[in-house]
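As provided, query17.txt (compact mmCIF, C-alpha atoms) reads as follows.
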# COMPACT_ATOMS: atom_id res chain seq x y z
CA MET A 1 0.00 0.00 0.00
CA VAL A 2 2.86 2.34 0.95
CA GLY A 3 4.77 1.33 -2.17
CA THR A 4 1.75 2.16 -4.35
CA ARG A 5 1.35 5.72 -2.94
CA ARG A 6 5.16 6.45 -3.42
CA SER A 7 5.01 5.30 -7.03
CA SER A 8 2.01 7.53 -7.68
CA ARG A 9 3.82 10.60 -6.28
CA LEU A 10 6.96 10.01 -8.41
CA SER A 11 4.83 9.59 -11.51
CA ALA A 12 2.98 12.84 -10.80
CA ALA A 13 6.27 14.73 -10.18
CA SER A 14 7.80 13.55 -13.46
CA GLU A 15 4.73 14.69 -15.38
CA ALA A 16 4.91 18.14 -13.72
CA MET A 17 8.66 18.71 -14.77
CA PRO A 18 9.14 20.58 -18.08
CA PRO A 19 10.83 18.70 -20.91
CA PRO A 20 14.58 19.40 -21.52
CA ALA A 21 15.28 22.38 -23.83
CA ALA A 22 16.16 21.51 -27.39
CA PRO A 23 19.70 22.49 -28.57
CA ALA A 24 19.96 25.88 -30.36
CA PRO A 25 19.92 25.56 -34.13
CA LEU A 26 23.25 26.11 -35.91
CA PRO A 27 23.54 29.34 -37.92
CA ALA A 28 23.14 28.99 -41.63
CA SER A 29 26.44 28.28 -43.37
CA ASN A 30 27.63 30.82 -45.96
CA GLY A 31 30.00 28.37 -47.57
CA ARG A 32 33.12 29.69 -45.77
CA LYS A 33 35.12 27.77 -43.27
CA ARG A 34 35.45 29.35 -39.86
CA LYS A 35 38.90 29.77 -38.44
CA ALA A 36 39.51 27.81 -35.33
CA ASP A 37 39.62 29.93 -32.22
CA VAL A 38 43.19 30.39 -31.08
CA VAL A 39 43.49 30.19 -27.36
CA LYS A 40 46.45 32.25 -26.19
CA PRO A 41 48.21 30.93 -23.14
CA LYS A 42 47.97 33.14 -20.12
CA ASP A 43 50.96 35.18 -18.91
CA GLU A 44 52.87 34.67 -22.19
CA ALA A 45 55.98 36.88 -22.41
CA PRO A 46 55.90 39.39 -25.30
CA SER A 47 58.23 38.48 -28.18
CA THR A 48 60.14 40.79 -30.54
CA PRO A 49 59.33 40.14 -34.18
CA ARG A 50 62.26 38.76 -36.14
CA LYS A 51 63.93 41.16 -38.56
CA LYS A 52 64.56 40.12 -42.11
CA ARG A 53 68.19 39.50 -42.83
CA THR A 54 69.66 41.95 -45.32
CA ALA A 55 73.06 41.80 -46.93
CA ALA A 56 75.55 44.16 -45.33
CA PRO A 57 76.71 46.95 -47.63
CA PRO A 58 80.33 46.88 -48.80
CA PRO A 59 82.75 48.72 -46.52
CA LEU A 60 83.67 52.25 -47.53
CA THR A 61 87.26 52.89 -48.44
CA PRO A 62 88.85 55.49 -46.16
CA THR A 63 91.10 56.78 -48.92
CA PRO A 64 89.43 60.11 -49.88
CA SER A 65 89.34 61.53 -46.35
CA ALA A 66 92.72 60.12 -45.31
CA VAL A 67 94.62 61.34 -48.36
CA GLY A 68 93.58 64.95 -47.90
CA ILE A 69 95.09 65.23 -44.43
CA ILE A 70 98.19 63.14 -45.24
CA ALA A 71 99.04 65.35 -48.23
CA GLU A 72 98.70 68.66 -46.36
CA PRO A 73 101.79 70.84 -46.85
CA ALA A 74 103.91 71.72 -43.83
CA VAL A 75 103.53 75.48 -44.46
CA ARG A 76 100.11 76.51 -43.15
CA LYS A 77 97.89 78.44 -45.54
CA GLY A 78 96.38 81.67 -44.33
CA PRO A 79 94.47 84.34 -46.25
CA GLN A 80 97.75 86.12 -47.13
CA THR A 81 99.86 83.01 -47.81
CA PRO A 82 101.04 82.88 -51.43
CA LYS A 83 101.11 79.61 -53.32
CA PRO A 84 104.54 77.94 -53.45
CA ALA A 85 106.49 78.72 -56.59
CA ALA A 86 106.88 75.75 -58.92
CA VAL A 87 110.66 75.60 -59.25
CA ALA A 88 111.98 73.04 -61.72
CA ARG A 89 114.26 70.39 -60.21
CA LEU A 90 115.15 66.83 -61.12
CA ALA A 91 112.46 64.22 -60.48
CA ASN A 92 112.69 60.46 -60.15
CA PRO A 93 109.73 58.22 -61.10
CA ARG A 94 111.10 55.52 -58.77
CA GLY A 95 112.08 57.75 -55.83
CA THR A 96 110.86 60.41 -53.42
CA ASN A 97 109.85 63.62 -55.20
CA ALA A 98 108.49 65.62 -52.26
CA MET A 99 110.37 68.56 -50.77
CA LEU A 100 110.92 67.10 -47.31
CA LEU A 101 111.59 69.15 -44.21
CA SER A 102 113.44 67.94 -41.16
CA PRO A 103 110.69 67.53 -38.50
CA GLU A 104 113.01 68.80 -35.77
CA THR A 105 114.74 71.74 -37.48
CA SER A 106 112.40 72.52 -40.42
CA ARG A 107 115.49 72.40 -42.66
CA LEU A 108 114.90 71.44 -46.28
CA ILE A 109 116.35 68.01 -47.04
CA ALA A 110 118.30 67.73 -50.27
CA PRO A 111 118.47 64.33 -51.99
CA ARG A 112 121.90 62.74 -52.14
CA ALA A 113 123.54 63.04 -55.53
CA GLU A 114 123.23 59.85 -57.53
CA GLU A 115 122.93 58.83 -61.14
CA GLU A 116 119.48 59.62 -62.52
CA PRO A 117 117.56 56.52 -63.66
CA PRO A 118 116.48 56.47 -67.30
CA SER A 119 112.95 57.74 -68.00
CA PRO A 120 110.46 55.15 -69.32
CA SER A 121 109.34 57.74 -71.88
CA LYS A 122 111.75 57.53 -74.77
CA GLY A 123 112.95 60.55 -76.70
CA ARG A 124 112.86 62.93 -73.72
CA GLY A 125 115.57 64.68 -71.81
CA LYS A 126 115.94 64.61 -68.05
CA THR A 127 112.75 64.30 -66.04
CA THR A 128 111.99 67.32 -63.87
CA THR A 129 109.17 68.34 -61.56
CA GLN A 130 107.83 70.41 -64.47
CA THR A 131 107.59 67.41 -66.82
CA LEU A 132 106.99 64.46 -64.48
CA LEU A 133 103.18 64.49 -64.55
CA GLN A 134 102.91 64.95 -68.31
CA GLU A 135 105.42 62.17 -68.97
CA ALA A 136 103.49 59.87 -66.63
CA CYS A 137 100.13 60.64 -68.27
CA ASP A 138 101.57 60.05 -71.74
CA TYR A 139 102.98 56.72 -70.61
CA LEU A 140 99.67 55.53 -69.12
CA VAL A 141 97.83 56.29 -72.36
CA SER A 142 100.53 54.59 -74.43
CA VAL A 143 100.10 51.42 -72.37
CA ASP A 144 96.29 51.37 -72.51
CA GLU A 145 94.18 53.67 -74.68
CA ARG A 146 91.31 53.39 -72.16
CA MET A 147 93.29 55.72 -69.91
CA ARG A 148 92.85 58.62 -72.33
CA PRO A 149 89.37 59.82 -71.18
CA LEU A 150 90.50 59.61 -67.54
CA VAL A 151 93.63 61.65 -68.21
CA GLU A 152 91.72 64.23 -70.24
CA LYS A 153 88.99 64.66 -67.60
CA HIS A 154 91.01 64.64 -64.36
CA THR A 155 94.25 66.38 -63.38
CA CYS A 156 96.23 64.92 -60.51
CA ARG A 157 97.45 67.90 -58.52
CA VAL A 158 99.59 65.75 -56.21
CA PHE A 159 102.21 65.21 -58.91
CA SER A 160 101.74 68.54 -60.69
CA PRO A 161 104.57 71.14 -60.60
CA GLU A 162 102.56 73.05 -57.95
CA GLY A 163 101.98 69.95 -55.85
CA LEU A 164 105.64 68.93 -56.01
CA ALA A 165 106.65 72.45 -54.89
CA GLU A 166 104.88 72.04 -51.54
CA LYS A 167 107.08 71.32 -48.52
CA VAL A 168 106.22 68.21 -46.51
CA ASP A 169 107.05 67.43 -42.87
CA PRO A 170 107.14 63.60 -42.79
CA PHE A 171 106.41 63.45 -39.06
CA GLU A 172 103.33 65.60 -39.53
CA SER A 173 102.20 63.58 -42.56
CA ILE A 174 102.48 60.20 -40.82
CA ALA A 175 100.94 61.51 -37.57
CA SER A 176 98.06 62.98 -39.59
CA GLY A 177 97.48 59.56 -41.12
CA ILE A 178 97.22 58.05 -37.63
CA ILE A 179 94.79 60.79 -36.56
CA SER A 180 92.57 60.08 -39.58
CA GLN A 181 92.25 56.36 -38.87
CA GLN A 182 88.58 55.30 -38.48
CA VAL A 183 87.20 58.86 -38.33
CA SER A 184 85.70 61.19 -40.92
CA GLY A 185 87.76 63.79 -42.72
CA ALA A 186 86.09 66.65 -40.82
CA ALA A 187 86.69 64.97 -37.46
CA ALA A 188 90.34 64.28 -38.32
CA LYS A 189 90.94 67.91 -39.29
CA SER A 190 89.33 69.13 -36.06
CA ILE A 191 91.45 66.79 -33.92
CA LYS A 192 94.61 67.79 -35.77
CA ASN A 193 93.93 71.50 -35.21
CA LYS A 194 93.40 70.87 -31.49
CA PHE A 195 96.59 68.80 -31.40
CA VAL A 196 98.61 71.61 -32.99
CA ALA A 197 97.03 74.16 -30.62
CA LEU A 198 98.38 72.20 -27.63
CA PHE A 199 101.91 73.19 -28.66
CA ALA A 200 101.31 76.70 -29.98
CA LYS A 201 103.38 79.33 -28.15
CA ASP A 202 100.27 81.36 -27.43
CA ALA A 203 98.11 78.35 -26.63
CA ASP A 204 95.55 79.49 -24.09
CA ASP A 205 91.82 79.69 -23.65
CA THR A 206 91.58 82.31 -26.40
CA ALA A 207 93.28 80.17 -29.05
CA THR A 208 91.02 79.81 -32.06
CA ALA A 209 90.74 77.04 -34.62
CA ALA A 210 92.00 79.44 -37.31
CA ALA A 211 95.09 80.25 -35.25
CA ALA A 212 95.76 76.56 -34.67
CA ALA A 213 95.43 75.82 -38.38
CA ALA A 214 98.04 78.49 -39.15
CA ALA A 215 100.51 77.31 -36.47
CA ARG A 216 103.35 74.90 -37.22
CA PHE A 217 103.11 71.22 -36.38
CA PRO A 218 105.01 70.36 -33.16
CA HIS A 219 108.52 68.92 -33.32
CA PRO A 220 108.93 65.21 -32.47
CA SER A 221 110.92 66.09 -29.33
CA GLU A 222 108.01 68.22 -28.08
CA VAL A 223 105.49 65.43 -28.60
CA ALA A 224 107.76 62.78 -27.07
CA ALA A 225 108.12 64.89 -23.90
CA THR A 226 104.36 65.45 -23.53
CA SER A 227 102.23 63.22 -21.32
CA LEU A 228 99.62 60.95 -22.89
CA GLU A 229 96.97 62.64 -20.75
CA LYS A 230 97.68 66.01 -22.34
CA LEU A 231 97.80 64.53 -25.86
CA ARG A 232 94.38 62.99 -25.29
CA THR A 233 92.84 66.41 -24.55
CA ALA A 234 93.05 67.08 -28.29
CA GLY A 235 90.49 64.35 -28.86
CA LEU A 236 92.87 61.44 -29.43
CA SER A 237 92.05 58.00 -28.13
CA GLN A 238 94.49 56.39 -25.70
CA ARG A 239 95.78 54.11 -28.45
CA LYS A 240 96.31 56.90 -31.00
CA ALA A 241 98.07 59.06 -28.41
CA GLU A 242 100.46 56.16 -27.76
CA TYR A 243 101.03 55.65 -31.49
CA ILE A 244 101.87 59.31 -32.16
CA GLN A 245 104.13 59.56 -29.11
CA GLY A 246 105.94 56.36 -30.17
CA LEU A 247 106.37 57.78 -33.68
CA ALA A 248 107.80 60.98 -32.20
CA GLU A 249 110.31 58.97 -30.17
CA LYS A 250 111.56 57.20 -33.31
CA PHE A 251 112.16 60.52 -35.07
CA THR A 252 113.82 61.97 -31.95
CA SER A 253 116.16 58.99 -31.60
CA GLY A 254 117.12 59.06 -35.28
CA GLU A 255 115.65 55.66 -36.03
CA LEU A 256 113.47 57.50 -38.55
CA SER A 257 114.62 60.61 -40.40
CA ALA A 258 113.63 62.76 -43.33
CA GLN A 259 116.96 61.97 -45.00
CA MET A 260 116.27 58.24 -44.87
CA LEU A 261 112.76 58.74 -46.28
CA GLN A 262 114.27 60.93 -49.03
CA ASP A 263 116.98 58.51 -50.14
CA ALA A 264 115.92 54.97 -49.21
CA PRO A 265 114.43 52.59 -51.77
CA TYR A 266 110.72 51.89 -51.49
CA GLU A 267 111.16 48.43 -49.95
CA GLU A 268 113.26 49.88 -47.10
CA VAL A 269 110.72 52.65 -46.48
CA LEU A 270 107.96 50.03 -46.22
CA GLU A 271 109.98 47.85 -43.85
CA LYS A 272 110.96 50.72 -41.55
CA LEU A 273 107.50 52.27 -41.29
CA ILE A 274 105.43 49.08 -41.02
CA ALA A 275 107.56 48.26 -37.96
CA VAL A 276 106.20 51.39 -36.26
CA ARG A 277 103.35 50.65 -33.89
CA GLY A 278 100.05 51.92 -35.28
CA LEU A 279 101.07 51.85 -38.94
CA GLY A 280 99.75 49.14 -41.25
CA ARG A 281 100.74 48.52 -44.83
CA TRP A 282 97.87 50.60 -46.26
CA SER A 283 98.78 53.62 -44.10
CA VAL A 284 102.42 53.40 -45.20
CA GLU A 285 101.44 53.07 -48.86
CA MET A 286 99.26 56.18 -48.67
CA PHE A 287 102.07 58.13 -47.00
CA ALA A 288 104.60 56.98 -49.61
CA CYS A 289 102.27 58.03 -52.41
CA PHE A 290 100.82 61.30 -51.11
CA GLY A 291 103.38 62.33 -48.51
CA LEU A 292 106.66 61.32 -50.17
CA LYS A 293 105.07 61.69 -53.63
CA ARG A 294 106.61 58.54 -54.97
CA MET A 295 105.27 57.70 -58.42
CA ASP A 296 105.44 53.90 -58.25
CA VAL A 297 103.26 52.93 -55.27
CA PHE A 298 100.32 50.56 -55.59
CA SER A 299 97.94 49.40 -52.84
CA LEU A 300 96.30 46.00 -53.21
CA GLY A 301 94.36 46.53 -49.98
CA ASP A 302 92.44 49.63 -51.06
CA LEU A 303 88.81 48.74 -51.81
CA GLY A 304 88.29 51.86 -53.91
CA VAL A 305 91.21 50.95 -56.17
CA GLN A 306 89.96 47.38 -56.43
CA ARG A 307 86.46 48.51 -57.40
CA GLY A 308 87.81 51.04 -59.91
CA MET A 309 90.01 48.46 -61.59
CA ALA A 310 87.09 46.07 -61.93
CA ALA A 311 85.02 48.82 -63.56
CA PHE A 312 87.99 49.78 -65.75
CA VAL A 313 88.15 46.31 -67.31
CA GLY A 314 84.36 46.25 -67.83
CA ARG A 315 83.18 44.15 -64.90
CA ASP A 316 79.79 44.73 -63.27
CA VAL A 317 80.84 46.13 -59.90
CA ALA A 318 77.21 46.07 -58.73
CA LYS A 319 77.58 42.31 -58.33
CA LEU A 320 79.61 42.04 -55.19
CA ARG A 321 81.42 38.97 -54.02
CA ASN A 322 81.95 38.47 -50.32
CA LYS A 323 84.62 35.85 -49.74
CA GLY A 324 85.52 35.01 -46.18
CA GLY A 325 84.07 38.25 -44.87
CA LYS A 326 86.07 40.38 -47.34
CA TRP A 327 84.51 42.16 -50.29
CA LYS A 328 86.11 41.23 -53.60
CA TYR A 329 85.63 43.01 -56.88
CA MET A 330 88.84 41.66 -58.38
CA SER A 331 91.46 39.12 -57.33
CA GLU A 332 94.84 40.33 -56.16
CA GLN A 333 96.47 38.30 -58.93
CA ASP A 334 94.47 40.16 -61.58
CA MET A 335 95.19 43.52 -59.88
CA VAL A 336 98.93 42.87 -59.91
CA ALA A 337 98.90 41.71 -63.54
CA LEU A 338 97.09 44.87 -64.66
CA SER A 339 98.90 47.43 -62.48
CA ASP A 340 102.39 46.11 -63.32
CA ARG A 341 101.89 47.24 -66.90
CA PHE A 342 101.87 50.86 -65.72
CA ALA A 343 105.11 50.78 -63.69
CA PRO A 344 106.90 53.02 -62.78
CA TYR A 345 103.80 55.26 -62.67
CA ARG A 346 101.50 53.03 -60.63
CA SER A 347 100.74 55.79 -58.10
CA LEU A 348 99.15 57.86 -60.85
CA PHE A 349 97.38 54.80 -62.25
CA MET A 350 95.99 54.10 -58.75
CA TRP A 351 94.81 57.72 -58.43
CA TYR A 352 92.90 57.41 -61.70
CA MET A 353 91.30 54.11 -60.60
CA TRP A 354 89.55 56.01 -57.80
CA ARG A 355 87.89 58.08 -60.51
CA VAL A 356 86.97 55.44 -63.07
CA GLU A 357 83.27 55.40 -62.16
CA GLU A 358 83.07 59.15 -62.78
CA THR A 359 84.29 58.68 -66.36
CA ASP A 360 82.96 56.58 -69.25
CA VAL A 361 85.87 54.46 -70.52
CA SER A 362 83.72 51.96 -72.43
CA THR A 363 84.01 53.95 -75.66
CA MET A 364 87.74 53.22 -75.72
CA GLU A 365 87.36 49.44 -75.47

Write out the structure in this file as structure tokens.
Amino acid sequence: MVGTRRSSRLSAASEAMPPPAAPAPLPASNGRKRKADVVKPKDEAPSTPRKKRTAAPPPLTPTPSAVGIIAEPAVRKGPQTPKPAAVARLANPRGTNAMLLSPETSRLIAPRAEEEPPSPSKGRGKTTTQTLLQEACDYLVSVDERMRPLVEKHTCRVFSPEGLAEKVDPFESIASGIISQQVSGAAAKSIKNKFVALFAKDADDTATAAAAAAARFPHPSEVAATSLEKLRTAGLSQRKAEYIQGLAEKFTSGELSAQMLQDAPYEEVLEKLIAVRGLGRWSVEMFACFGLKRMDVFSLGDLGVQRGMAAFVGRDVAKLRNKGGKWKYMSEQDMVALSDRFAPYRSLFMWYMWRVEETDVSTME
């Protein structure tokens, strides 16, 4: 009896409960697939988007800025300073043609008397500073007719009668090359002016950049006796201050001299200067060419020369080759084979290679 009443109550309760709700209809499909919901993990650290790798541009050659400061004459130019007179004297395509001054006494160094080597240009008399550049240009064109448009468009003042009349202090020229290492031309000139101002007789708080530019470069003995701390106030790094002071000590001791740089063969000049701390082969080559004004210098390590030579022979310099981390436009073997044809005027040939891309030489091929 009790069981019957319980069953009746359960049956009545189930009838009173509403039926379960039907599932919501799916939205009508428009024919496109829905993207799966991406569930981002919580507390995920932000990430930096990866940058696309791009090929590094070829390194810039430091030649243009470095050469200007290396080739500066020892006599400072002011508004009233006349240009040096171009006095004719004997010139040697295989030797030093600059008018060198003794860094310590400012005395003009005369070359030792020796037999003049024969000129490569036949049918001419003795080579002088008045004829050296013209003889060299004629020789380059005679070797390769493609040199003609370069020679006609550009004049190399370095080896002109006016350029050869300028007096050069070798200590100043080499030190200037060290100052210009790894800095722009404007920065190098500013540092050099400050360096000169340190040793000016009237150096004080009122010294101006113009006055420093007109002052003489300090003697090696003065630089050797100056502390590195004071040298660094000109804007030199610790390493460059050490290099210039070490160079000054070599000139003071006589290990280096203007007379040796005037008379020694090129191989001896290279050996002596590369042994100086802070001077690499490229720096010495630039000094020999633009400081000593030797006509037969050639730099295999100059990227601008390498690029110019590649363009000169008709190669597409836009297609760079990076071998072992070094940019290559032309192999050293090919550079030597081509440049040797222009000896003993390879300095002038090198100067023109920096200007090949400014001149169309294809019409002469």

Exercise. Quick one: residues within 6 Å of A:Ala248, all atoms listed in the file counted, chain neighbours fewer than 2 positions away excluded, as a PyMOL selection string?
Worked result: chain A and resi 220+224+245-246+250-251

Could you write out as lines of an AutoDock Vina configuration file the box around stretch 184-202 of chain A (axis-aligned, all atoms listed in the file, 5 Å on each side), with centre and edge lengths in Å to one decimal?
center_x = 94.5
center_y = 71.3
center_z = -35.1
size_x = 27.7
size_y = 30.2
size_z = 25.3

Selection as a compact mmCIF listing (two decimals) with C-alpha atoms, in the coordinates of the input: residues within 12 Å of (89.1, 56.7, -69.3), counting all atoms listed in the file:
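Everything below was put into part24.txt:
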# COMPACT_ATOMS: atom_id res chain seq x y z
CA CYS A 137 100.13 60.64 -68.27
CA LEU A 140 99.67 55.53 -69.12
CA VAL A 141 97.83 56.29 -72.36
CA ASP A 144 96.29 51.37 -72.51
CA GLU A 145 94.18 53.67 -74.68
CA ARG A 146 91.31 53.39 -72.16
CA MET A 147 93.29 55.72 -69.91
CA ARG A 148 92.85 58.62 -72.33
CA PRO A 149 89.37 59.82 -71.18
CA LEU A 150 90.50 59.61 -67.54
CA VAL A 151 93.63 61.65 -68.21
CA GLU A 152 91.72 64.23 -70.24
CA LYS A 153 88.99 64.66 -67.60
CA HIS A 154 91.01 64.64 -64.36
CA GLY A 308 87.81 51.04 -59.91
CA MET A 309 90.01 48.46 -61.59
CA ALA A 311 85.02 48.82 -63.56
CA PHE A 312 87.99 49.78 -65.75
CA VAL A 313 88.15 46.31 -67.31
CA GLY A 314 84.36 46.25 -67.83
CA PHE A 349 97.38 54.80 -62.25
CA TYR A 352 92.90 57.41 -61.70
CA MET A 353 91.30 54.11 -60.60
CA TRP A 354 89.55 56.01 -57.80
CA ARG A 355 87.89 58.08 -60.51
CA VAL A 356 86.97 55.44 -63.07
CA GLU A 357 83.27 55.40 -62.16
CA GLU A 358 83.07 59.15 -62.78
CA THR A 359 84.29 58.68 -66.36
CA ASP A 360 82.96 56.58 -69.25
CA VAL A 361 85.87 54.46 -70.52
CA SER A 362 83.72 51.96 -72.43
CA THR A 363 84.01 53.95 -75.66
CA MET A 364 87.74 53.22 -75.72
CA GLU A 365 87.36 49.44 -75.47

May I have the residues within 12 Å of A:Ser237 as a short mmCIF file (atom, residue, chain, number, x, y, z; two decimals) with C-alpha atoms, keeping the file's coordinate frame, using only C-alpha atoms and disregarding those fewer than 3 positions away in the same chain?
data_model
loop_
_atom_site.label_atom_id
_atom_site.label_comp_id
_atom_site.auth_asym_id
_atom_site.auth_seq_id
_atom_site.Cartn_x
_atom_site.Cartn_y
_atom_site.Cartn_z
CA ILE A 178 97.22 58.05 -37.63
CA ILE A 179 94.79 60.79 -36.56
CA SER A 180 92.57 60.08 -39.58
CA GLN A 181 92.25 56.36 -38.87
CA GLN A 182 88.58 55.30 -38.48
CA VAL A 183 87.20 58.86 -38.33
CA ILE A 191 91.45 66.79 -33.92
CA LEU A 228 99.62 60.95 -22.89
CA GLU A 229 96.97 62.64 -20.75
CA LYS A 230 97.68 66.01 -22.34
CA LEU A 231 97.80 64.53 -25.86
CA ARG A 232 94.38 62.99 -25.29
CA THR A 233 92.84 66.41 -24.55
CA ALA A 234 93.05 67.08 -28.29
CA LYS A 240 96.31 56.90 -31.00
CA ALA A 241 98.07 59.06 -28.41
CA GLU A 242 100.46 56.16 -27.76
CA TYR A 243 101.03 55.65 -31.49
CA ILE A 244 101.87 59.31 -32.16
#

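Take atom CA of A:Asn97 and atom CA of A:Pro265: the distance between them is 12.4 Å.
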
For this session: Using all atoms listed in the file, find all polymer residues with an atom at most 12 Å away from the point (119.4, 65.0, -52.2); report them as a count of residues only.
Result: 27

For this session: Return the single residue from A:Pro93, A:Lys272, A:Glu222, A:Glu72 that is closest to A:Tyr139, with distances computed using all atoms listed in the file.
Result: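 Selected residue with least distance to A:Tyr139: A:Pro93.
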